Structure formats: C-alpha cells, structure tokens
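S.K.: As input, take coords11.cif (mmCIF, C-alpha atoms):
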data_target
loop_
_atom_site.label_atom_id
_atom_site.label_comp_id
_atom_site.auth_asym_id
_atom_site.auth_seq_id
_atom_site.Cartn_x
_atom_site.Cartn_y
_atom_site.Cartn_z
CA MET A 1 63.88 50.87 -133.31
CA GLY A 2 66.64 53.14 -134.44
CA THR A 3 64.06 55.78 -135.38
CA PRO A 4 65.08 59.33 -134.52
CA LEU A 5 63.13 60.84 -131.60
CA SER A 6 62.01 63.91 -133.52
CA SER A 7 60.42 61.60 -136.07
CA CYS A 8 58.57 59.78 -133.27
CA GLU A 9 57.33 63.09 -131.88
CA SER A 10 55.97 64.19 -135.22
CA ILE A 11 54.39 60.76 -135.79
CA ARG A 12 52.81 60.92 -132.34
CA GLU A 13 51.25 64.25 -133.32
CA GLN A 14 49.85 62.66 -136.46
CA ILE A 15 48.51 59.74 -134.43
CA HIS A 16 46.64 62.17 -132.21
CA HIS A 17 45.22 63.99 -135.24
CA TRP A 18 44.01 60.65 -136.56
CA LEU A 19 42.49 59.79 -133.18
CA ASP A 20 40.70 63.15 -133.22
CA GLU A 21 38.77 62.01 -136.29
CA PRO A 22 36.97 58.82 -135.31
CA ARG A 23 35.21 58.70 -138.66
CA VAL A 24 38.49 58.20 -140.51
CA PRO A 25 39.00 54.43 -140.34
CA CYS A 26 42.52 54.01 -141.71
CA MET A 27 45.68 55.51 -140.38
CA PRO A 28 47.67 57.57 -142.93
CA GLU A 29 50.20 55.30 -144.66
CA PRO A 30 53.38 57.14 -143.52
CA VAL A 31 52.19 56.83 -139.91
CA ALA A 32 51.36 53.15 -140.35
CA ALA A 33 54.79 52.55 -141.92
CA HIS A 34 56.52 54.26 -138.99
CA ILE A 35 54.55 52.23 -136.46
CA ARG A 36 55.53 48.99 -138.18
CA GLN A 37 59.18 49.91 -137.59
CA CYS A 38 59.06 51.70 -134.22
CA GLY A 39 58.50 49.67 -131.06
CA ALA A 40 57.77 52.70 -128.82
CA CYS A 41 55.07 54.08 -131.11
CA ARG A 42 53.65 50.58 -131.60
CA ALA A 43 53.45 50.20 -127.80
CA PHE A 44 51.71 53.56 -127.51
CA ILE A 45 49.10 52.78 -130.13
CA SER A 46 48.35 49.33 -128.76
CA ARG A 47 48.07 50.75 -125.22
CA TRP A 48 45.80 53.47 -126.54
CA ASN A 49 43.62 50.93 -128.37
CA ALA A 50 43.14 49.10 -125.07
CA ILE A 51 42.25 52.37 -123.33
CA GLU A 52 39.76 53.30 -126.05
CA LEU A 53 38.10 49.91 -125.78
CA GLY A 54 37.80 50.44 -122.04
CA LEU A 55 36.38 53.95 -122.57
CA GLN A 56 33.81 52.56 -125.00
CA GLY A 57 32.79 50.08 -122.33
CA MET A 58 32.32 52.92 -119.86
CA ARG A 59 30.12 54.92 -122.22
CA ASP A 60 26.86 53.44 -120.93
CA GLU A 61 27.91 53.50 -117.30
CA GLY A 62 26.06 55.77 -114.96
CA PRO A 63 22.68 56.34 -113.42
CA VAL A 64 19.40 55.92 -115.23
CA VAL A 65 16.65 58.47 -115.14
CA THR A 66 14.30 57.72 -112.28
CA GLY A 67 10.92 59.39 -112.00
CA ASP A 68 9.58 61.97 -114.37
CA PHE A 69 12.17 64.61 -115.00
CA ALA A 70 9.76 66.77 -116.97
CA VAL A 71 7.34 66.92 -114.02
CA ALA A 72 10.14 67.78 -111.59
CA ILE A 73 11.39 70.52 -113.91
CA ARG A 74 7.91 71.97 -114.34
CA GLY A 75 7.63 72.05 -110.55
CA ARG A 76 10.88 73.98 -110.32
CA LEU A 77 9.79 76.35 -113.05
CA ARG A 78 6.66 77.23 -111.06
CA GLN A 79 8.88 78.48 -108.24
CA PRO A 80 9.93 82.12 -108.60
CA PRO A 81 13.42 82.55 -110.05
CA PRO A 82 16.08 83.31 -107.48
CA SER A 83 16.44 86.99 -106.75
CA LEU A 84 19.61 88.85 -107.71
CA TRP A 85 20.41 89.12 -104.02
CA THR A 86 20.45 85.32 -103.68
CA LEU A 87 22.81 85.03 -106.63
CA TRP A 88 25.15 87.77 -105.46
CA ARG A 89 25.01 87.01 -101.74
CA PRO A 90 28.20 84.84 -101.63
CA ALA A 91 30.17 87.43 -103.59
CA VAL A 92 28.87 90.27 -101.42
CA ALA A 93 29.76 88.30 -98.27
CA ARG A 94 33.30 87.69 -99.56
CA GLY A 95 33.68 91.37 -100.50
CA THR A 96 32.47 92.51 -97.08
CA MET A 97 34.94 90.21 -95.34
CA ALA A 98 37.79 91.52 -97.48
CA ALA A 99 36.79 95.14 -96.83
CA ALA A 100 36.57 94.49 -93.08
CA ALA A 101 40.04 92.93 -93.12
CA CYS A 102 41.43 95.99 -94.95
CA VAL A 103 39.81 98.38 -92.45
CA LEU A 104 41.25 96.40 -89.52
CA LEU A 105 44.69 96.47 -91.11
CA LEU A 106 44.49 100.24 -91.64
CA LEU A 107 43.33 100.77 -88.07
CA GLY A 108 46.25 98.69 -86.83
CA VAL A 109 48.74 100.73 -88.82
CA LEU A 110 47.15 103.99 -87.64
CA LEU A 111 47.13 102.87 -84.02
CA THR A 112 50.79 101.82 -84.16
CA THR A 113 51.78 105.20 -85.61
CA VAL A 114 49.85 107.15 -82.99
CA LEU A 115 51.22 105.06 -80.12
CA SER A 116 54.79 105.40 -81.34
CA ARG A 117 54.36 109.18 -81.50
CA LEU A 118 52.91 109.28 -77.98
CA ALA A 119 55.86 107.27 -76.72
CA ILE A 120 58.35 110.02 -77.69
CA GLY A 121 59.74 111.40 -74.41
CA PRO A 122 61.51 114.72 -73.60
CA ASP A 123 64.94 113.25 -74.41
CA ARG A 124 63.84 112.14 -77.85
CA THR A 125 63.39 113.99 -81.02
CA PRO A 126 60.52 112.99 -83.31
CA GLY A 127 62.93 111.04 -85.51
CA ASP A 128 64.08 108.84 -82.64
CA THR A 129 63.12 105.25 -82.47
CA LEU A 130 63.87 102.82 -79.72
CA ALA A 131 67.06 101.89 -81.48
CA THR A 132 68.30 105.45 -81.77
CA VAL A 133 67.65 106.59 -78.20
CA ARG A 134 70.85 108.06 -76.95
CA PRO A 135 72.52 105.83 -74.39
CA LEU A 136 73.22 107.07 -70.88
CA PRO A 137 76.66 108.64 -70.52
CA ARG A 138 79.25 106.14 -69.31
CA SER A 139 80.42 106.75 -65.72
CA GLN A 140 83.78 108.55 -65.67
CA PRO A 141 86.62 106.85 -63.77
CA ASP A 142 87.73 108.61 -60.57
CA ALA A 143 90.65 110.97 -60.90
CA ALA A 144 92.50 109.10 -58.14
CA ASP A 145 92.13 105.84 -60.02
CA SER A 146 93.46 107.36 -63.15
CA GLY A 147 96.44 108.77 -61.29
CA ARG A 148 97.61 105.36 -60.22
CA MET B 1 29.56 59.56 -143.51
CA GLY B 2 27.22 61.63 -145.69
CA ILE B 3 24.21 59.94 -144.11
CA ASP B 4 25.56 60.70 -140.63
CA LEU B 5 26.04 64.36 -141.47
CA ALA B 6 22.57 64.63 -142.98
CA TRP B 7 21.10 62.92 -139.93
CA SER B 8 22.86 65.23 -137.48
CA ALA B 9 21.80 68.28 -139.51
CA ALA B 10 18.18 67.07 -139.43
CA THR B 11 18.42 66.47 -135.68
CA ALA B 12 19.82 69.95 -135.13
CA ASP B 13 17.00 71.40 -137.20
CA VAL B 14 14.35 69.52 -135.18
CA GLU B 15 15.91 70.66 -131.91
CA ASP B 16 16.03 74.27 -133.07
CA ARG B 17 12.34 74.11 -133.93
CA LEU B 18 11.54 72.54 -130.56
CA ALA B 19 13.52 75.29 -128.84
CA LEU B 20 11.64 77.99 -130.73
CA ARG B 21 8.29 76.40 -129.87
CA SER B 22 9.32 76.08 -126.22
CA ARG B 23 10.29 79.73 -126.21
CA SER B 24 6.79 80.68 -127.26
CA GLY B 25 5.32 78.67 -124.37
CA ASP B 26 4.72 75.26 -125.99
CA ALA B 27 5.18 72.96 -122.96
CA PRO B 28 5.09 69.62 -124.86
CA ALA B 29 7.91 70.89 -127.11
CA PHE B 30 10.04 71.57 -124.06
CA ASP B 31 9.14 68.14 -122.65
CA GLN B 32 10.46 66.62 -125.88
CA LEU B 33 13.75 68.45 -125.45
CA VAL B 34 13.93 67.22 -121.87
CA SER B 35 13.33 63.61 -122.90
CA ARG B 36 15.96 63.90 -125.66
CA TYR B 37 18.66 65.17 -123.33
CA GLN B 38 17.82 63.99 -119.82
CA LEU B 39 19.79 60.72 -119.88
CA ARG B 40 22.80 62.14 -121.76
CA LEU B 41 23.05 65.13 -119.45
CA LEU B 42 22.49 62.99 -116.38
CA ARG B 43 25.41 60.72 -117.28
CA PHE B 44 27.56 63.69 -118.24
CA ALA B 45 26.85 65.38 -114.89
CA TRP B 46 27.42 62.11 -113.03
CA ARG B 47 30.82 61.71 -114.69
CA LEU B 48 31.86 65.11 -113.41
CA LEU B 49 30.18 65.03 -110.01
CA ARG B 50 30.26 61.27 -109.26
CA ASP B 51 27.11 61.59 -107.18
CA GLN B 52 23.77 60.48 -108.56
CA ALA B 53 21.52 62.71 -106.44
CA GLU B 54 23.65 65.76 -107.14
CA ALA B 55 23.82 64.92 -110.85
CA GLU B 56 20.01 64.66 -111.01
CA ASP B 57 19.67 67.98 -109.23
CA ALA B 58 22.24 69.58 -111.53
CA VAL B 59 20.43 68.34 -114.65
CA GLN B 60 17.05 69.57 -113.46
CA GLU B 61 18.62 72.93 -112.69
CA THR B 62 20.20 72.88 -116.16
CA PHE B 63 16.80 72.50 -117.80
CA VAL B 64 15.31 75.23 -115.63
CA ARG B 65 18.14 77.59 -116.55
CA ALA B 66 17.87 76.62 -120.20
CA TYR B 67 14.12 77.30 -120.20
CA ARG B 68 14.61 80.71 -118.64
CA ALA B 69 17.40 81.51 -121.09
CA LEU B 70 15.57 80.30 -124.21
CA GLY B 71 14.92 83.91 -125.17
CA ALA B 72 18.66 84.35 -125.67
CA TYR B 73 19.11 81.17 -127.72
CA ARG B 74 19.93 81.74 -131.37
CA PRO B 75 18.64 78.83 -133.47
CA ASP B 76 21.91 78.16 -135.28
CA GLY B 77 21.82 74.37 -135.22
CA PHE B 78 23.86 74.00 -132.05
CA PHE B 79 21.24 73.43 -129.39
CA SER B 80 23.29 70.47 -128.17
CA SER B 81 26.39 72.61 -127.54
CA TRP B 82 24.24 75.27 -125.89
CA ILE B 83 22.57 72.95 -123.39
CA TYR B 84 25.80 71.10 -122.63
CA ARG B 85 27.43 74.44 -121.87
CA ILE B 86 24.66 75.25 -119.38
CA ALA B 87 25.04 71.79 -117.79
CA LEU B 88 28.80 72.18 -117.62
CA ASN B 89 28.52 75.59 -115.91
CA GLU B 90 26.08 74.13 -113.39
CA CYS B 91 28.42 71.20 -112.65
CA ARG B 92 31.43 73.51 -112.38
CA ARG B 93 29.54 75.74 -109.94
CA ARG B 94 28.80 72.69 -107.80
CA MET B 95 32.38 71.39 -108.03
CA ARG B 96 33.71 74.79 -106.94
CA SER B 97 31.48 74.90 -103.88
CA ARG B 98 32.55 71.41 -102.84
CA ARG B 99 35.32 70.98 -100.35
CA PRO B 100 38.06 68.68 -101.59
CA THR B 101 37.30 65.24 -100.23
CA VAL B 102 38.62 61.77 -100.82
CA THR B 103 35.83 59.42 -101.82
CA LEU B 104 35.52 56.08 -100.13
CA GLU B 105 36.33 54.37 -103.39
CA MET B 106 39.55 56.35 -103.76
CA ALA B 107 40.50 55.83 -100.11
CA THR B 108 40.10 52.08 -100.26
CA ALA B 109 41.89 51.94 -103.57
CA ALA B 110 44.83 53.79 -102.07
CA SER B 111 45.03 51.69 -98.92
CA ALA B 112 44.10 48.17 -99.93
CA GLN B 113 46.42 45.93 -101.83
CA PRO B 114 44.72 44.33 -104.83
CA ASP B 115 44.04 40.68 -104.26
CA PRO B 116 44.36 38.86 -107.59
CA GLN B 117 42.23 36.00 -106.37
CA ASN B 118 39.26 38.25 -105.61
CA LEU B 119 39.44 40.58 -108.54
CA VAL B 120 38.03 39.88 -111.91
CA LEU B 121 40.59 41.08 -114.41
CA ALA B 122 38.22 43.06 -116.58
CA GLY B 123 36.57 44.72 -113.62
CA GLU B 124 39.96 45.63 -112.22
CA ARG B 125 41.02 47.10 -115.54
CA ASN B 126 37.85 49.18 -115.70
CA ARG B 127 38.39 50.42 -112.17
CA LEU B 128 41.94 51.47 -113.00
CA LEU B 129 40.76 53.22 -116.13
CA ARG B 130 37.96 55.03 -114.27
CA GLU B 131 40.41 56.15 -111.60
CA ALA B 132 42.86 57.31 -114.22
CA VAL B 133 40.15 59.34 -115.98
CA ASP B 134 38.89 60.76 -112.67
CA SER B 135 42.41 61.79 -111.69
CA LEU B 136 42.87 63.94 -114.79
CA PRO B 137 42.75 67.70 -114.20
CA GLU B 138 39.23 69.06 -114.64
CA HIS B 139 39.82 70.73 -118.03
CA TYR B 140 41.20 67.49 -119.49
CA ARG B 141 38.45 65.37 -117.93
CA ILE B 142 35.72 67.56 -119.42
CA VAL B 143 37.21 67.33 -122.91
CA MET B 144 37.64 63.56 -122.59
CA ALA B 145 34.04 63.14 -121.39
CA LEU B 146 32.65 65.20 -124.24
CA PHE B 147 34.75 63.41 -126.87
CA TYR B 148 34.63 59.78 -125.75
CA PHE B 149 31.36 59.56 -123.81
CA GLU B 150 29.16 62.20 -125.41
CA GLU B 151 30.68 61.46 -128.83
CA MET B 152 31.03 65.12 -129.75
CA SER B 153 33.37 66.15 -132.52
CA VAL B 154 36.32 68.43 -131.80
CA GLU B 155 34.39 71.29 -133.45
CA GLN B 156 31.32 70.71 -131.26
CA ILE B 157 33.49 70.61 -128.14
CA ALA B 158 35.15 73.87 -129.19
CA ARG B 159 31.73 75.47 -129.53
CA THR B 160 30.50 74.04 -126.22
CA LEU B 161 33.54 75.19 -124.27
CA SER B 162 34.01 78.45 -126.22
CA LEU B 163 37.54 77.38 -127.14
CA SER B 164 39.40 77.22 -130.44
CA VAL B 165 39.57 73.88 -132.24
CA SER B 166 43.33 73.77 -131.75
CA ALA B 167 42.97 74.37 -128.00
CA VAL B 168 40.56 71.44 -127.77
CA LYS B 169 42.98 69.26 -129.74
CA VAL B 170 45.86 70.18 -127.46
CA ARG B 171 43.80 69.27 -124.39
CA LEU B 172 42.73 65.99 -125.95
CA HIS B 173 46.30 65.09 -126.91
CA ARG B 174 47.63 65.87 -123.46
CA ALA B 175 44.82 63.98 -121.78
CA ARG B 176 45.55 60.91 -123.93
CA GLU B 177 49.26 61.09 -123.20
CA ARG B 178 48.60 61.36 -119.46
CA LEU B 179 46.19 58.45 -119.49
CA ALA B 180 48.56 56.30 -121.54
CA ARG B 181 51.46 57.14 -119.21
CA ARG B 182 49.42 56.47 -116.10
CA LEU B 183 48.16 53.14 -117.39
CA GLU B 184 51.52 52.11 -118.84
CA HIS B 185 51.93 49.14 -116.53
CA SER B 186 48.29 48.29 -115.98
CA LEU B 187 46.94 47.69 -119.46
#
Could you write out this file's structure as structure tokens?
M.R.:
Amino acid sequence: MGTPLSSCESIREQIHHWLDEPRVPCMPEPVAAHIRQCGACRAFISRWNAIELGLQGMRDEGPVVTGDFAVAIRGRLRQPPPSLWTLWRPAVARGTMAAAACVLLLLGVLLTTVLSRLAIGPDRTPGDTLATVRPLPRSQPDAADSGR
Amino acid sequence: MGIDLAWSAATADVEDRLALRSRSGDAPAFDQLVSRYQLRLLRFAWRLLRDQAEAEDAVQETFVRAYRALGAYRPDGFFSSWIYRIALNECRRRMRSRRPTVTLEMATAASAQPDPQNLVLAGERNRLLREAVDSLPEHYRIVMALFYFEEMSVEQIARTLSLSVSAVKVRLHRARERLARRLEHSL
C-alpha cells in the first residue's frame, strides 16, 4: 500500500533469492517488513506458499518401480550397442532429403533458363523477354480517310 | 545444516566408489546404483513424459547409457548430476520425437465445465497445479522438477544442466512468477 513499484520489484527479487535457499528458514528482516506493509507482495507470498504446499504434495506422485529394473537393464546390456549407422540414420535421411530438394530446385532453375532461351524467335534479341517483344506496327489509316 | 552437508558428501563419496567399481566390471555395485536411483529417475522421467511405460523405458535406457559411459565419468562427487543429465537427455530425445498431441486429461479439462458438487476441493486444486506446471515451457518445467521434486540445490541444477547458477535462478524466478500468475484466481 503506497509502496513504490521499484521497491516492490527489488523486494520480489529478494523473495525469489530467499525461496532459492530452502534451508534458510527466516526471511530477511527488510523483506519481512516490506511484506507487512505491502498488500501486493503479501498476496504473492501467500499465493506462493499455497503453491509450494501443493508442490510438496505432488513430490511423491508418480509410478512405482514394477519388476526388477536391474534384471531388465542387464538384459539390455547384453544386446550389442546400437551401431553408428542406427544413431545417425535419421540425420542422414534428413540431409538426403534436403540435398534432393536442392538438386530439384537447381534443375528447375536450369530448365527454365534453357527453355526461355529456346523460346527466343527470329524477331527477338537475346535480351528480349515476353514483356519486351516489339508490338506489331499499328495499321496506317487510308490516305483517302485522312483527306476527309 | 552441517549434518545435512556431511551426509550428502558421504553419499556422493559412496556413489563415486560404486561408480568406480561398476566401471571395473563389478555388477553388484552397478545394481546398487540402479536401486538408489531407479525410483527417483522413474518419477523424474514420468514428470517430463507423463507416460509410465515410456518413462520406464527411458530410465532403463538411461542406466544402459550410463553404464556404457562410465569410462568417461570423473569421480568428482557429482554422480547424481551426471546420471540426471543422461536421463534428461534421454527424455528430451523422446519428447523431440513425439508429435504434439493433446492428452485426454487436457482435452477434457479444456472442454468440461468443473462441477463443484463432484469435485473435491483439494483434488481440484492439485489438478490445477499439475496442469499449470505441465503448461510451463520445457526449460522452466525441468528446472522446477529438479528443484521442487528432486530437491536439488540451485548449484546442483546448474551442474546437471550445464548452466550458470544465475541462469538457473532466472529460470526458477520466471517459472514461479508464471505459476503464481496462472494460479492467481484458483488458489
């Protein structure tokens, strides 16, 4: 309440540092004093306490070990280790696909260039493109028409 | 606190010796390491993969990889960080190869309206918290799991993830802020 924001931010940092050290039981006094005065920081710490309690409750959640892990692991260890090819196969497959895509792209570019060169007719110079082909000469009006 | 530190140092020393004996072919020593870590790693893998069969497979693969890599292990008192790192890499490899899917639990949670009469409050709160943790980005979720569930210190996490202590702290702080924001109206 009435506490400047920058002060809250720096206190929040200190709260996190305190939370990082679970073996330190008591909060540093300046932080505790701030929390007594500041509603927002008090709300944060009480919310976080509830979350931590919940996390502690979840600590023992999860599956239990079924069967003999050691036996299963020994069985796996008897199998030969995967060959380098098995490990690298996905990367090699991805690389091959990428290389094939590049080759296709290059072929496409090459083919387009060759075809555009073949399409150059007698009226065109090599620099002509479809857009620069000279238009047909416009038909001239008859002399009689122009005399009228 | 002194007793705790002495105990963890003694544990680390025992594990280093077990690792060295395993390296020289002592099968019972390796079995002891397996029995020390199997449940912890299984739960850690399950938290990341959320699939019991896959978590079991990942943990067995972790031990196999660890056994084959024992020659490279330097007995520096951080066997725990070393084996967690192998488990984490195995889980990450599996997470990468997965296609993004919506689990049934998430789908029903998104579609169904909570019915206060049918839900036990505590169970509902736990579900919300689990969903909030699961929805964190992977790098925050891993740090949270190591800190709150595996009870590792910030320094141990830094060693396990090959990060600086300050980077781990930043991830922890941001993860806490996200969780607190997400659960603002539920807790």
S.K.: Using only C-alpha atoms, what table do you get, as a Markdown table, when you list each residue of chain A with an atom no more than 6 Å from chain B, its nearest pair of atoms, and their distance in Å rounded to one decimal, rows by chain then rising number?
M.R.:
| residue | atom | partner | partner_atom | distance |
| --- | --- | --- | --- | --- |
| A:Arg59 | CA | B:Phe149 | CA | 5.1 |
| A:Gly62 | CA | B:Arg43 | CA | 5.5 |
| A:Ala70 | CA | B:Asp31 | CA | 5.9 |
| A:Ile73 | CA | B:Gln60 | CA | 5.8 |
S.K.: With all atoms listed in the file as the atoms that count, which of B:Arg94, B:Arg85, B:Arg23, B:Arg36 lies nearest to Ala58 (chain B)?
M.R.: B:Arg94
S.K.: Let me know the residues the PyMOL selection byres ((chain A and resi 42) around 12) catches in the file above, as a VMD selection string.
M.R.: chain A and resid 1 8 11 to 12 15 31 to 41 43 to 49
S.K.: Could you jot down the CA of Ala69 (chain B) to CA of Ala12 (chain B) separation for me, Å, one decimal place?
M.R.: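 Computing the Euclidean distance for CA of Ala69 (chain B) and CA of Ala12 (chain B) yields 18.3 Å.
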S.K.: Please compute the CA of Asp16 (chain B)-CA of Pro75 (chain B) distance, one decimal, in Å.
M.R.: 5.3 Å
S.K.: Between CA of Glu54 (chain B) and CA of Trp88 (chain A), what is the distance in Å, rounded to a tenth?
M.R.: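 Spanning CA of Glu54 (chain B) to CA of Trp88 (chain A) is a straight-line distance of 22.1 Å.
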S.K.: Which polymer residues have any atom within 9 Å of an atom of Ala29 (chain B), counting all atoms listed in the file, with same-chain residues fewer than 4 positions away left out, as a VMD selection string?
M.R.: chain B and resid 17 to 22 25 33 to 34
S.K.: Residues near Arg96 (chain B), anyone? I mean within 12 Å using all atoms listed in the file, not counting same-chain ones fewer than 6 positions away, as a PDB file with C-alpha atoms, in the coordinates of the input.
M.R.:
ATOM      1  CA  LEU B  48      31.860  65.110-113.410  1.00  0.00           C
ATOM      2  CA  LEU B  49      30.180  65.030-110.010  1.00  0.00           C
ATOM      3  CA  ASN B  89      28.520  75.590-115.910  1.00  0.00           C
ATOM      4  CA  GLU B  90      26.080  74.130-113.390  1.00  0.00           C
ATOM      5  CA  GLU B 138      39.230  69.060-114.640  1.00  0.00           C
TER       6      GLU B 138
END
S.K.: Calculated over only C-alpha atoms, which of the candidates B:Ser81, B:Leu41, B:Ala87, B:Tyr140 has the smallest distance to Ala158 (chain B)?
M.R.: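 Closest to Ala158 (chain B) of all the choices is B:Ser81.
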S.K.: Taking only C-alpha atoms into account, name the residue in B:Met152, B:Val165, B:Glu15, B:Arg171 that is nearest to Asp76 (chain B).
M.R.: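 With only C-alpha atoms as the atom set, the closest residue is B:Glu15.
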